[in-house]
Amino acid sequence: MTDSLHSRMHVVSDETRNLVNLVLEYSRRRTLAEDTPLDHPTSEAELRRLAGPTVTEEGLGSARALAIFEHIFAPACISTDHPKYLSFIPSAPTKAAVAFDLVVSASALYGGSWLEGAGVVHAENEVLRWLAGEFGLPAGAGGVFVQGGTIGNLSALVAARNAQKEKLGETRPGRWVIVCSAEAHSSVASAAEVMDVDVAPVATGEDGILRPDGVREALLEHGDAVIAVVATSGTTNFGTIDDIAGIAALKDEFDFWLHIDGAYGLAAMLSPQARHKFAGVEKADSLIVDPHKWLFAPFDACALIYRDPNSGRRAHTQKAEYLDTLTDAQDWSPSDFAIQLTRRPRGLPLWYSLASYGAETYREAIGHSIDLAREIATEIKHREHLRLVREPELSVVVFERDGWQRSDYDAWSDRLLEDQRAFVVPSSHQGRPNARFAIVNPLTTFDDLTDILDSME
C-alpha cells in the first residue's frame with residue numbers, strides 16, 4: 001500500500017507528467033482566453049446529476065477529473081474577472097499575477113518565517129514598503145499579506161487592543177470599544193464579535209461620511225475603553241471616503257489608535273486623480289488594502305500594514321517550544337504580524353505583476369476605472385428614466401430606475417445573467433432598491449455599461 005501510494009502521488013511517472021501537462025494546458029487556455037466566460041450558477045441537484053460521484057476509492061483518473069471540472073464545475077461559477085462582472089467588488093488579476101500564482105503553488109513555498117522563506121518574504125516586504133510609502137507612512141512601516149479584509153481588520157484591531165492594554169497597565173475598563181461609522185464594513189462588527197468587544201457606531205449624514213465631531217463625542221463618552229477608531233477609505237456600497245484628515249487631527253487632542261479600512265478604496269490613492277481625497281491616511285496606526293480587489297491580484301490577498309510593526313509583533317507572535325528557533329531570533333517572520341501561523345506567500349503574485357509591468361501601469365489602470373465611473377454617471381443623468389443616487393467618489397456608481405420595485409430589479413438582473421450579458425445584482429440604500437456598478441476591471445468599457453443601461457429601458 002505504501003509503495004503504491006508513493007508511486008501514484010510522488011514519483012514522476014508518465015501518469016504524473018500527463019496530469020501536470022493537462023492542468024498546465026487548461027491553465028494556459030483559461031489565462032490566455034480573449035473571451036472570458038461569464039457563466040452562471042447551477043443547482044446542487046443538477047451538478048450531482050451531471051458530475052456523479054467524483055471522490056471514489058478507485059479514483060477517476062486525472063483526465064476525467066479535469067474534464068468534470070472544466071465542463072461542469074467551472075461553468076457553474078461566475079467569473080469574477082469578466083469585464084461585465086460589476087457586482088460586489090470584482091477581481092481583475094493581471095495575466096502576470098495569475099501565471100505567477102501557479103509558480104507559488106508549484107514551488108512548495110512557506111511564507112510564515114524568514115528562516116524558511118527569506119526570499120519570498122523579502123519580495124513581499126518590498127511591495128508592503130512600496131505601498132506604505134504611497135500611503136505616506138514612515139520608512140519603518142510594514143506588515144504582512146493575509147487572506148482578506150476581514151482577517152486584516154481583525155488582526156489590526158487585536159493589535160490595537162493589545163497596545164491599549166500595554167498603555168493602561170493594570171487599569172482596565174469594563175468593556176473595550178471600537179469606534180466606527182454606522183456605514184463601516186460588516187467585518188468590523190464581525191471582528192468585535194470575535195474579540196468580545198463593543199462597537200460604538202457613529203451616525204453619519206446623508207452622504208455617509210464619518211466626521212470628526214461624531215468621533216470626538218464617542219471618544220469623550222468612552223475614554224480609555226476605546227481601543228481604536230476605524231475610518232473607511234472607500235465603502236463597498238458607494239465608495240464613500242470618511243473625513244480621514246479631520247479624524248486624524250483628533251490625535252492631537254486624544255491618544256487613540258487610528259485604523260484605516262481601505263480594503264477596496266485605498267488603492268485609488270495610487271492614482272493622481274484621487275490621491276488628494278485621502279489626506280490623513282499618513283497618520284494611521286494601521287491600515288489594510290486588498291490587492292485582490294483593485295490592485296489586480298488573484299484571490300486571496302490583503303495587505304495589512306502597521307505604522308510600528310512591533311505593535312503587531314507584540315500582539316501576534318505565537319510562543320511554543322517547537323517555535324523557539326523562530327521566536328528567539330529577531331528575523332522578520334510574517335506570522336508574527338497577524339492571526340495566522342501557517343501561510344502561503346500570497347503577496348508574490350502582486351510582486352511579480354508590479355515587477356513586470358511597473359507602478360505607472362497600475363496608476364493608469366486605476367485611473368481608467370475612476371474616469372469610467374464619472375463618464376457613466378453623466379450618461380445616467382442624461383437618461384430620463386434613470387436617477388443617479390449619488391455622484392461617484394471612486395469607481396462605484398449607484399442608480400435607480402424610475403418606477404421599479406425590488407422584483408423588477410431582480411427579474412432584470414436574472415435576465416442579464418441568463419443572456420450572459422452581464423452580472424449586476426440589485427442593491428439598496430435606505431430601504432430603496434437600486435442598481436450598482438462596481439468598476440475595477442481595466443477591460444470594462446463605456447459601451448459595456450451603456451449596453452446594460454439600454455436593457456433597463
# chains A, B, ... in the order shown; residues from 1 in each chain; ligands from 1
>>> residues_around(residues="region 242-249 of chain A", least_positions_apart="5", cutoff="12 Å", atoms="only C-alpha atoms", output="ChimeraX atom specification")
/A:179-184,202,204-205,207-219,228-235,254-262,265-266,276-285,393
>>> write_last_selection(atoms="N, CA and C atoms", output="compact mmCIF listing (two decimals), in the first residue's frame")
# COMPACT_ATOMS: atom_id res chain seq x y z
N VAL A 179 -14.71 52.37 17.91
CA VAL A 179 -15.49 53.47 17.35
C VAL A 179 -15.39 53.43 15.83
N CYS A 180 -16.52 53.46 15.16
CA CYS A 180 -16.52 53.42 13.70
C CYS A 180 -17.80 54.06 13.18
N SER A 181 -17.86 54.23 11.90
CA SER A 181 -19.06 54.75 11.26
C SER A 181 -20.19 53.72 11.29
N ALA A 182 -21.41 54.20 11.32
CA ALA A 182 -22.55 53.31 11.17
C ALA A 182 -22.55 52.66 9.80
N GLU A 183 -21.77 53.22 8.85
CA GLU A 183 -21.67 52.69 7.49
C GLU A 183 -20.45 51.78 7.33
N ALA A 184 -19.71 51.53 8.40
CA ALA A 184 -18.49 50.72 8.31
C ALA A 184 -18.79 49.32 7.80
N VAL A 202 -21.02 55.51 14.98
CA VAL A 202 -21.26 56.94 14.90
C VAL A 202 -22.14 57.22 13.69
N THR A 204 -23.87 59.03 10.56
CA THR A 204 -23.37 59.90 9.50
C THR A 204 -24.54 60.67 8.89
N GLY A 205 -24.21 61.65 8.09
CA GLY A 205 -25.24 62.38 7.36
C GLY A 205 -25.69 61.61 6.14
N ASP A 207 -24.68 61.80 3.24
CA ASP A 207 -23.57 61.39 2.38
C ASP A 207 -22.80 60.19 2.91
N GLY A 208 -23.11 59.73 4.12
CA GLY A 208 -22.48 58.53 4.65
C GLY A 208 -21.06 58.71 5.14
N ILE A 209 -20.61 59.95 5.30
CA ILE A 209 -19.22 60.22 5.67
C ILE A 209 -19.09 60.34 7.19
N LEU A 210 -18.14 59.62 7.76
CA LEU A 210 -17.81 59.73 9.17
C LEU A 210 -16.97 60.98 9.38
N ARG A 211 -17.44 61.86 10.29
CA ARG A 211 -16.77 63.14 10.52
C ARG A 211 -16.26 63.23 11.95
N PRO A 212 -15.30 64.15 12.18
CA PRO A 212 -14.64 64.19 13.48
C PRO A 212 -15.54 64.57 14.65
N ASP A 213 -16.58 65.36 14.43
CA ASP A 213 -17.43 65.75 15.55
C ASP A 213 -18.05 64.53 16.23
N GLY A 214 -18.57 63.61 15.42
CA GLY A 214 -19.16 62.40 15.98
C GLY A 214 -18.13 61.52 16.65
N VAL A 215 -16.93 61.46 16.06
CA VAL A 215 -15.86 60.66 16.66
C VAL A 215 -15.43 61.28 17.99
N ARG A 216 -15.33 62.61 18.05
CA ARG A 216 -14.94 63.27 19.29
C ARG A 216 -15.93 62.94 20.41
N GLU A 217 -17.23 62.97 20.10
CA GLU A 217 -18.24 62.65 21.11
C GLU A 217 -18.06 61.22 21.63
N ALA A 218 -17.77 60.29 20.71
CA ALA A 218 -17.57 58.90 21.13
C ALA A 218 -16.32 58.75 21.98
N LEU A 219 -15.26 59.47 21.63
CA LEU A 219 -14.03 59.40 22.42
C LEU A 219 -14.24 59.99 23.82
N ALA A 228 -9.72 51.51 19.36
CA ALA A 228 -9.39 52.00 18.03
C ALA A 228 -10.56 52.80 17.47
N VAL A 229 -10.23 53.73 16.60
CA VAL A 229 -11.21 54.39 15.73
C VAL A 229 -10.95 53.87 14.33
N VAL A 230 -12.00 53.35 13.69
CA VAL A 230 -11.88 52.79 12.34
C VAL A 230 -12.50 53.77 11.35
N ALA A 231 -11.70 54.25 10.42
CA ALA A 231 -12.20 55.10 9.33
C ALA A 231 -12.14 54.29 8.03
N THR A 232 -13.09 54.54 7.16
CA THR A 232 -13.17 53.78 5.92
C THR A 232 -12.76 54.65 4.74
N SER A 233 -11.88 54.13 3.92
CA SER A 233 -11.48 54.86 2.71
C SER A 233 -12.00 54.11 1.50
N GLY A 234 -13.30 54.29 1.26
CA GLY A 234 -13.95 53.65 0.13
C GLY A 234 -14.90 52.55 0.57
N THR A 235 -16.13 52.94 0.97
CA THR A 235 -17.10 51.93 1.38
C THR A 235 -17.48 51.05 0.20
N PHE A 254 -6.63 63.60 21.48
CA PHE A 254 -6.86 62.33 22.15
C PHE A 254 -5.76 61.35 21.73
N ASP A 255 -5.47 60.42 22.62
CA ASP A 255 -4.49 59.37 22.32
C ASP A 255 -5.26 58.11 21.92
N PHE A 256 -5.39 57.86 20.64
CA PHE A 256 -6.13 56.68 20.18
C PHE A 256 -5.44 56.07 18.96
N TRP A 257 -5.75 54.80 18.73
CA TRP A 257 -5.24 54.05 17.57
C TRP A 257 -6.18 54.31 16.40
N LEU A 258 -5.63 54.78 15.29
CA LEU A 258 -6.41 55.03 14.08
C LEU A 258 -6.15 53.91 13.07
N HIS A 259 -7.22 53.19 12.74
CA HIS A 259 -7.13 52.12 11.74
C HIS A 259 -7.93 52.52 10.51
N ILE A 260 -7.34 52.34 9.34
CA ILE A 260 -8.00 52.67 8.08
C ILE A 260 -8.39 51.38 7.37
N ASP A 261 -9.69 51.20 7.19
CA ASP A 261 -10.20 50.08 6.39
C ASP A 261 -10.26 50.56 4.95
N GLY A 262 -9.22 50.23 4.20
CA GLY A 262 -9.16 50.64 2.80
C GLY A 262 -9.22 49.45 1.87
N GLY A 265 -11.12 50.81 -1.43
CA GLY A 265 -10.87 52.12 -2.00
C GLY A 265 -9.48 52.67 -1.87
N LEU A 266 -8.69 52.20 -0.90
CA LEU A 266 -7.39 52.82 -0.66
C LEU A 266 -6.45 52.68 -1.85
N HIS A 276 -5.60 63.14 -3.59
CA HIS A 276 -5.95 64.23 -2.68
C HIS A 276 -7.12 63.88 -1.77
N LYS A 277 -7.91 62.90 -2.14
CA LYS A 277 -9.09 62.53 -1.34
C LYS A 277 -8.71 61.81 -0.05
N PHE A 278 -7.46 61.39 0.07
CA PHE A 278 -7.07 60.51 1.17
C PHE A 278 -6.16 61.19 2.19
N ALA A 279 -6.22 62.49 2.27
CA ALA A 279 -5.41 63.20 3.26
C ALA A 279 -5.72 62.67 4.66
N GLY A 280 -4.69 62.44 5.44
CA GLY A 280 -4.84 61.92 6.79
C GLY A 280 -4.46 60.46 6.92
N VAL A 281 -4.42 59.73 5.81
CA VAL A 281 -4.05 58.32 5.86
C VAL A 281 -2.64 58.16 6.44
N GLU A 282 -1.80 59.15 6.19
CA GLU A 282 -0.41 59.07 6.68
C GLU A 282 -0.33 59.07 8.20
N LYS A 283 -1.41 59.40 8.89
CA LYS A 283 -1.43 59.40 10.36
C LYS A 283 -1.91 58.06 10.94
N ALA A 284 -2.25 57.12 10.07
CA ALA A 284 -2.82 55.85 10.54
C ALA A 284 -1.81 55.04 11.36
N ASP A 285 -2.32 54.33 12.35
CA ASP A 285 -1.50 53.37 13.10
C ASP A 285 -1.50 52.01 12.42
N GLU A 393 -17.68 58.66 -5.90
CA GLU A 393 -16.48 59.15 -5.25
C GLU A 393 -15.24 58.50 -5.86
>>> residues_around(residues="Ala96 (chain A)", least_positions_apart="2", cutoff="10 Å", atoms="only C-alpha atoms", output="ChimeraX atom specification")
/A:31,93-94,98-101,296-297,349-357
>>> write_last_selection(atoms="N, CA, C and O atoms", output="tab-separated table (two decimals), in the first residue's frame")
chain	number	residue	atom	x	y	z
A	31	THR	N	-6.05	31.26	-19.03
A	31	THR	CA	-5.35	32.52	-18.82
A	31	THR	C	-5.25	33.33	-20.11
A	31	THR	O	-5.35	34.56	-20.09
A	93	PRO	N	-7.39	40.21	-11.89
A	93	PRO	CA	-5.95	39.97	-11.81
A	93	PRO	C	-5.28	40.08	-13.18
A	93	PRO	O	-5.85	39.70	-14.20
A	94	THR	N	-4.06	40.60	-13.18
A	94	THR	CA	-3.30	40.66	-14.42
A	94	THR	C	-2.90	39.25	-14.84
A	94	THR	O	-2.89	38.32	-14.04
A	98	VAL	N	-1.77	36.08	-12.38
A	98	VAL	CA	-2.40	34.75	-12.47
A	98	VAL	C	-1.36	33.69	-12.77
A	98	VAL	O	-1.32	32.62	-12.14
A	99	ALA	N	-0.49	33.97	-13.74
A	99	ALA	CA	0.52	32.99	-14.12
A	99	ALA	C	1.46	32.70	-12.95
A	99	ALA	O	1.83	31.55	-12.70
A	100	PHE	N	1.83	33.75	-12.20
A	100	PHE	CA	2.77	33.53	-11.11
A	100	PHE	C	2.13	32.83	-9.93
A	100	PHE	O	2.84	32.21	-9.12
A	101	ASP	N	0.81	32.90	-9.82
A	101	ASP	CA	0.14	32.15	-8.77
A	101	ASP	C	0.38	30.65	-8.95
A	101	ASP	O	0.46	29.90	-7.98
A	296	PHE	N	-5.32	44.27	-8.83
A	296	PHE	CA	-5.13	43.33	-9.93
A	296	PHE	C	-4.32	42.09	-9.57
A	296	PHE	O	-3.48	41.62	-10.34
A	297	ALA	N	-4.60	41.57	-8.37
A	297	ALA	CA	-4.00	40.32	-7.91
A	297	ALA	C	-5.10	39.27	-7.80
A	297	ALA	O	-6.28	39.60	-7.63
A	349	PRO	N	2.18	36.97	-6.18
A	349	PRO	CA	1.62	37.32	-7.49
A	349	PRO	C	1.56	38.83	-7.72
A	349	PRO	O	1.82	39.30	-8.84
A	350	LEU	N	1.25	39.60	-6.68
A	350	LEU	CA	1.27	41.06	-6.82
A	350	LEU	C	2.69	41.55	-7.06
A	350	LEU	O	2.92	42.43	-7.91
A	351	TRP	N	3.64	41.00	-6.31
A	351	TRP	CA	5.03	41.40	-6.52
A	351	TRP	C	5.46	41.16	-7.97
A	351	TRP	O	6.04	42.05	-8.61
A	352	TYR	N	5.17	39.99	-8.50
A	352	TYR	CA	5.60	39.66	-9.86
A	352	TYR	C	4.94	40.58	-10.89
A	352	TYR	O	5.58	41.03	-11.84
A	353	SER	N	3.66	40.85	-10.67
A	353	SER	CA	2.93	41.72	-11.60
A	353	SER	C	3.49	43.14	-11.56
A	353	SER	O	3.72	43.76	-12.60
A	354	LEU	N	3.72	43.66	-10.36
A	354	LEU	CA	4.30	45.00	-10.23
A	354	LEU	C	5.71	45.06	-10.83
A	354	LEU	O	6.07	46.01	-11.52
A	355	ALA	N	6.50	44.03	-10.54
A	355	ALA	CA	7.86	43.99	-11.08
A	355	ALA	C	7.85	43.89	-12.60
A	355	ALA	O	8.73	44.44	-13.28
A	356	SER	N	6.84	43.20	-13.15
A	356	SER	CA	6.76	43.01	-14.60
A	356	SER	C	6.28	44.26	-15.32
A	356	SER	O	6.87	44.70	-16.31
A	357	TYR	N	5.21	44.86	-14.82
A	357	TYR	CA	4.56	45.95	-15.56
A	357	TYR	C	4.96	47.34	-15.09
A	357	TYR	O	4.87	48.30	-15.85
>>> atom_distance(atom1="CA of Ile178 (chain A)", atom2="CA of Gly431 (chain A)")
26.4 Å
>>> closest_residue(among="A:Ala274, A:Leu22, A:Leu388, A:Ala106", to="Glu70 (chain A)", atoms="only C-alpha atoms")
A:Leu22
>>> residues_around(residues="Ile89 (chain A)", least_positions_apart="3", cutoff="10 Å", atoms="only C-alpha atoms", output="number ranges by chain")
A: 80, 85-86, 92, 236-237, 264, 292-294, 396, 437-440
>>> write_last_selection(atoms="N, CA and C atoms", output="JSON list (two decimals), in the first residue's frame")
[["chain", "number", "residue", "atom", "x", "y", "z"],
["A", 80, "THR", "N", -15.23, 36.16, -11.87],
["A", 80, "THR", "CA", -15.11, 37.49, -11.27],
["A", 80, "THR", "C", -14.21, 38.41, -12.08],
["A", 85, "TYR", "N", -18.60, 41.69, -15.07],
["A", 85, "TYR", "CA", -18.88, 41.36, -13.68],
["A", 85, "TYR", "C", -18.76, 42.67, -12.92],
["A", 86, "LEU", "N", -19.90, 43.22, -12.52],
["A", 86, "LEU", "CA", -19.93, 44.56, -11.94],
["A", 86, "LEU", "C", -20.59, 44.59, -10.57],
["A", 92, "ALA", "N", -9.85, 41.56, -10.86],
["A", 92, "ALA", "CA", -9.35, 41.63, -12.23],
["A", 92, "ALA", "C", -7.84, 41.41, -12.24],
["A", 236, "THR", "N", -17.89, 49.83, 0.51],
["A", 236, "THR", "CA", -18.25, 48.89, -0.54],
["A", 236, "THR", "C", -19.47, 49.35, -1.32],
["A", 237, "ASN", "N", -20.45, 49.90, -0.62],
["A", 237, "ASN", "CA", -21.72, 50.21, -1.28],
["A", 237, "ASN", "C", -21.63, 51.43, -2.19],
["A", 264, "TYR", "N", -11.20, 48.11, -0.27],
["A", 264, "TYR", "CA", -11.49, 48.41, -1.69],
["A", 264, "TYR", "C", -10.83, 49.71, -2.13],
["A", 292, "HIS", "N", -6.51, 41.88, -4.13],
["A", 292, "HIS", "CA", -7.40, 41.10, -5.00],
["A", 292, "HIS", "C", -8.64, 41.89, -5.41],
["A", 293, "LYS", "N", -8.76, 43.12, -4.93],
["A", 293, "LYS", "CA", -9.86, 43.98, -5.38],
["A", 293, "LYS", "C", -9.39, 44.90, -6.49],
["A", 294, "TRP", "N", -8.63, 45.93, -6.16],
["A", 294, "TRP", "CA", -8.32, 46.97, -7.15],
["A", 294, "TRP", "C", -6.83, 47.13, -7.41],
["A", 396, "VAL", "N", -17.49, 53.26, -7.88],
["A", 396, "VAL", "CA", -18.79, 52.65, -7.66],
["A", 396, "VAL", "C", -19.87, 53.65, -8.07],
["A", 437, "PHE", "N", -22.98, 49.68, -10.24],
["A", 437, "PHE", "CA", -21.80, 49.24, -10.98],
["A", 437, "PHE", "C", -20.58, 49.38, -10.07],
["A", 438, "ALA", "N", -19.82, 48.32, -9.88],
["A", 438, "ALA", "CA", -18.52, 48.38, -9.20],
["A", 438, "ALA", "C", -17.47, 48.12, -10.27],
["A", 439, "ILE", "N", -16.75, 49.15, -10.64],
["A", 439, "ILE", "CA", -15.85, 49.10, -11.80],
["A", 439, "ILE", "C", -14.40, 49.04, -11.32],
["A", 440, "VAL", "N", -13.74, 47.91, -11.53],
["A", 440, "VAL", "CA", -12.32, 47.81, -11.22],
["A", 440, "VAL", "C", -11.53, 47.18, -12.37]]
>>> residues_around(residues="region 381-385 of chain A", least_positions_apart="2", cutoff="9 Å", atoms="only C-alpha atoms", output="list in words")
Ile376, Ala377, Thr378, Glu379, Arg387, Leu388, Glu400, Arg401, Asp402, Gly403, Met456 and Glu457 of chain A
>>> atom_distance(atom1="CA of Thr317 (chain A)", atom2="CA of Gly140 (chain A)")
18.7 Å
>>> residues_around(residues="Ala76 (chain A)", least_positions_apart="4", cutoff="8 Å", atoms="only C-alpha atoms", output="MDAnalysis selection string")
chainID A and resid 39:42 72
>>> residues_around(residues="Asn162 (chain A)", least_positions_apart="5", cutoff="12 Å", atoms="only C-alpha atoms", output="MDAnalysis selection string")
chainID A and resid 155:157 167:169 172 176 195 226:228 257 310:316
>>> write_last_selection(atoms="C-alpha atoms", output="compact mmCIF listing (two decimals), in the first residue's frame")
# COMPACT_ATOMS: atom_id res chain seq x y z
CA SER A 155 -5.62 41.36 13.20
CA ALA A 156 -5.18 45.14 13.29
CA LEU A 157 -7.84 45.56 15.96
CA LYS A 167 -0.70 51.66 27.81
CA LEU A 168 -3.18 51.27 30.66
CA GLY A 169 -1.34 48.54 32.58
CA ARG A 172 -8.83 48.24 32.59
CA TRP A 176 -13.46 47.59 25.29
CA MET A 195 -12.95 39.76 20.17
CA VAL A 226 -11.65 52.87 23.09
CA ILE A 227 -9.14 50.51 21.51
CA ALA A 228 -9.39 52.00 18.03
CA TRP A 257 -5.24 54.05 17.57
CA ASN A 310 6.44 45.93 16.60
CA SER A 311 2.93 46.68 17.83
CA GLY A 312 1.71 43.88 15.59
CA ARG A 313 4.54 41.59 16.60
CA ARG A 314 3.84 42.02 20.32
CA ALA A 315 0.18 41.15 19.81
CA HIS A 316 0.51 38.21 17.46
>>> closest_residue(among="A:Thr36, A:Ser286, A:Gln330, A:Asn434", to="Ser407 (chain A)", atoms="only C-alpha atoms")
A:Asn434
>>> atom_distance(atom1="CA of Asp290 (chain A)", atom2="CA of Ala263 (chain A)")
4.7 Å
>>> closest_residue(among="A:Ala160, A:Val127, A:Ser62, A:Glu46", to="Val23 (chain A)", atoms="only C-alpha atoms")
A:Ser62
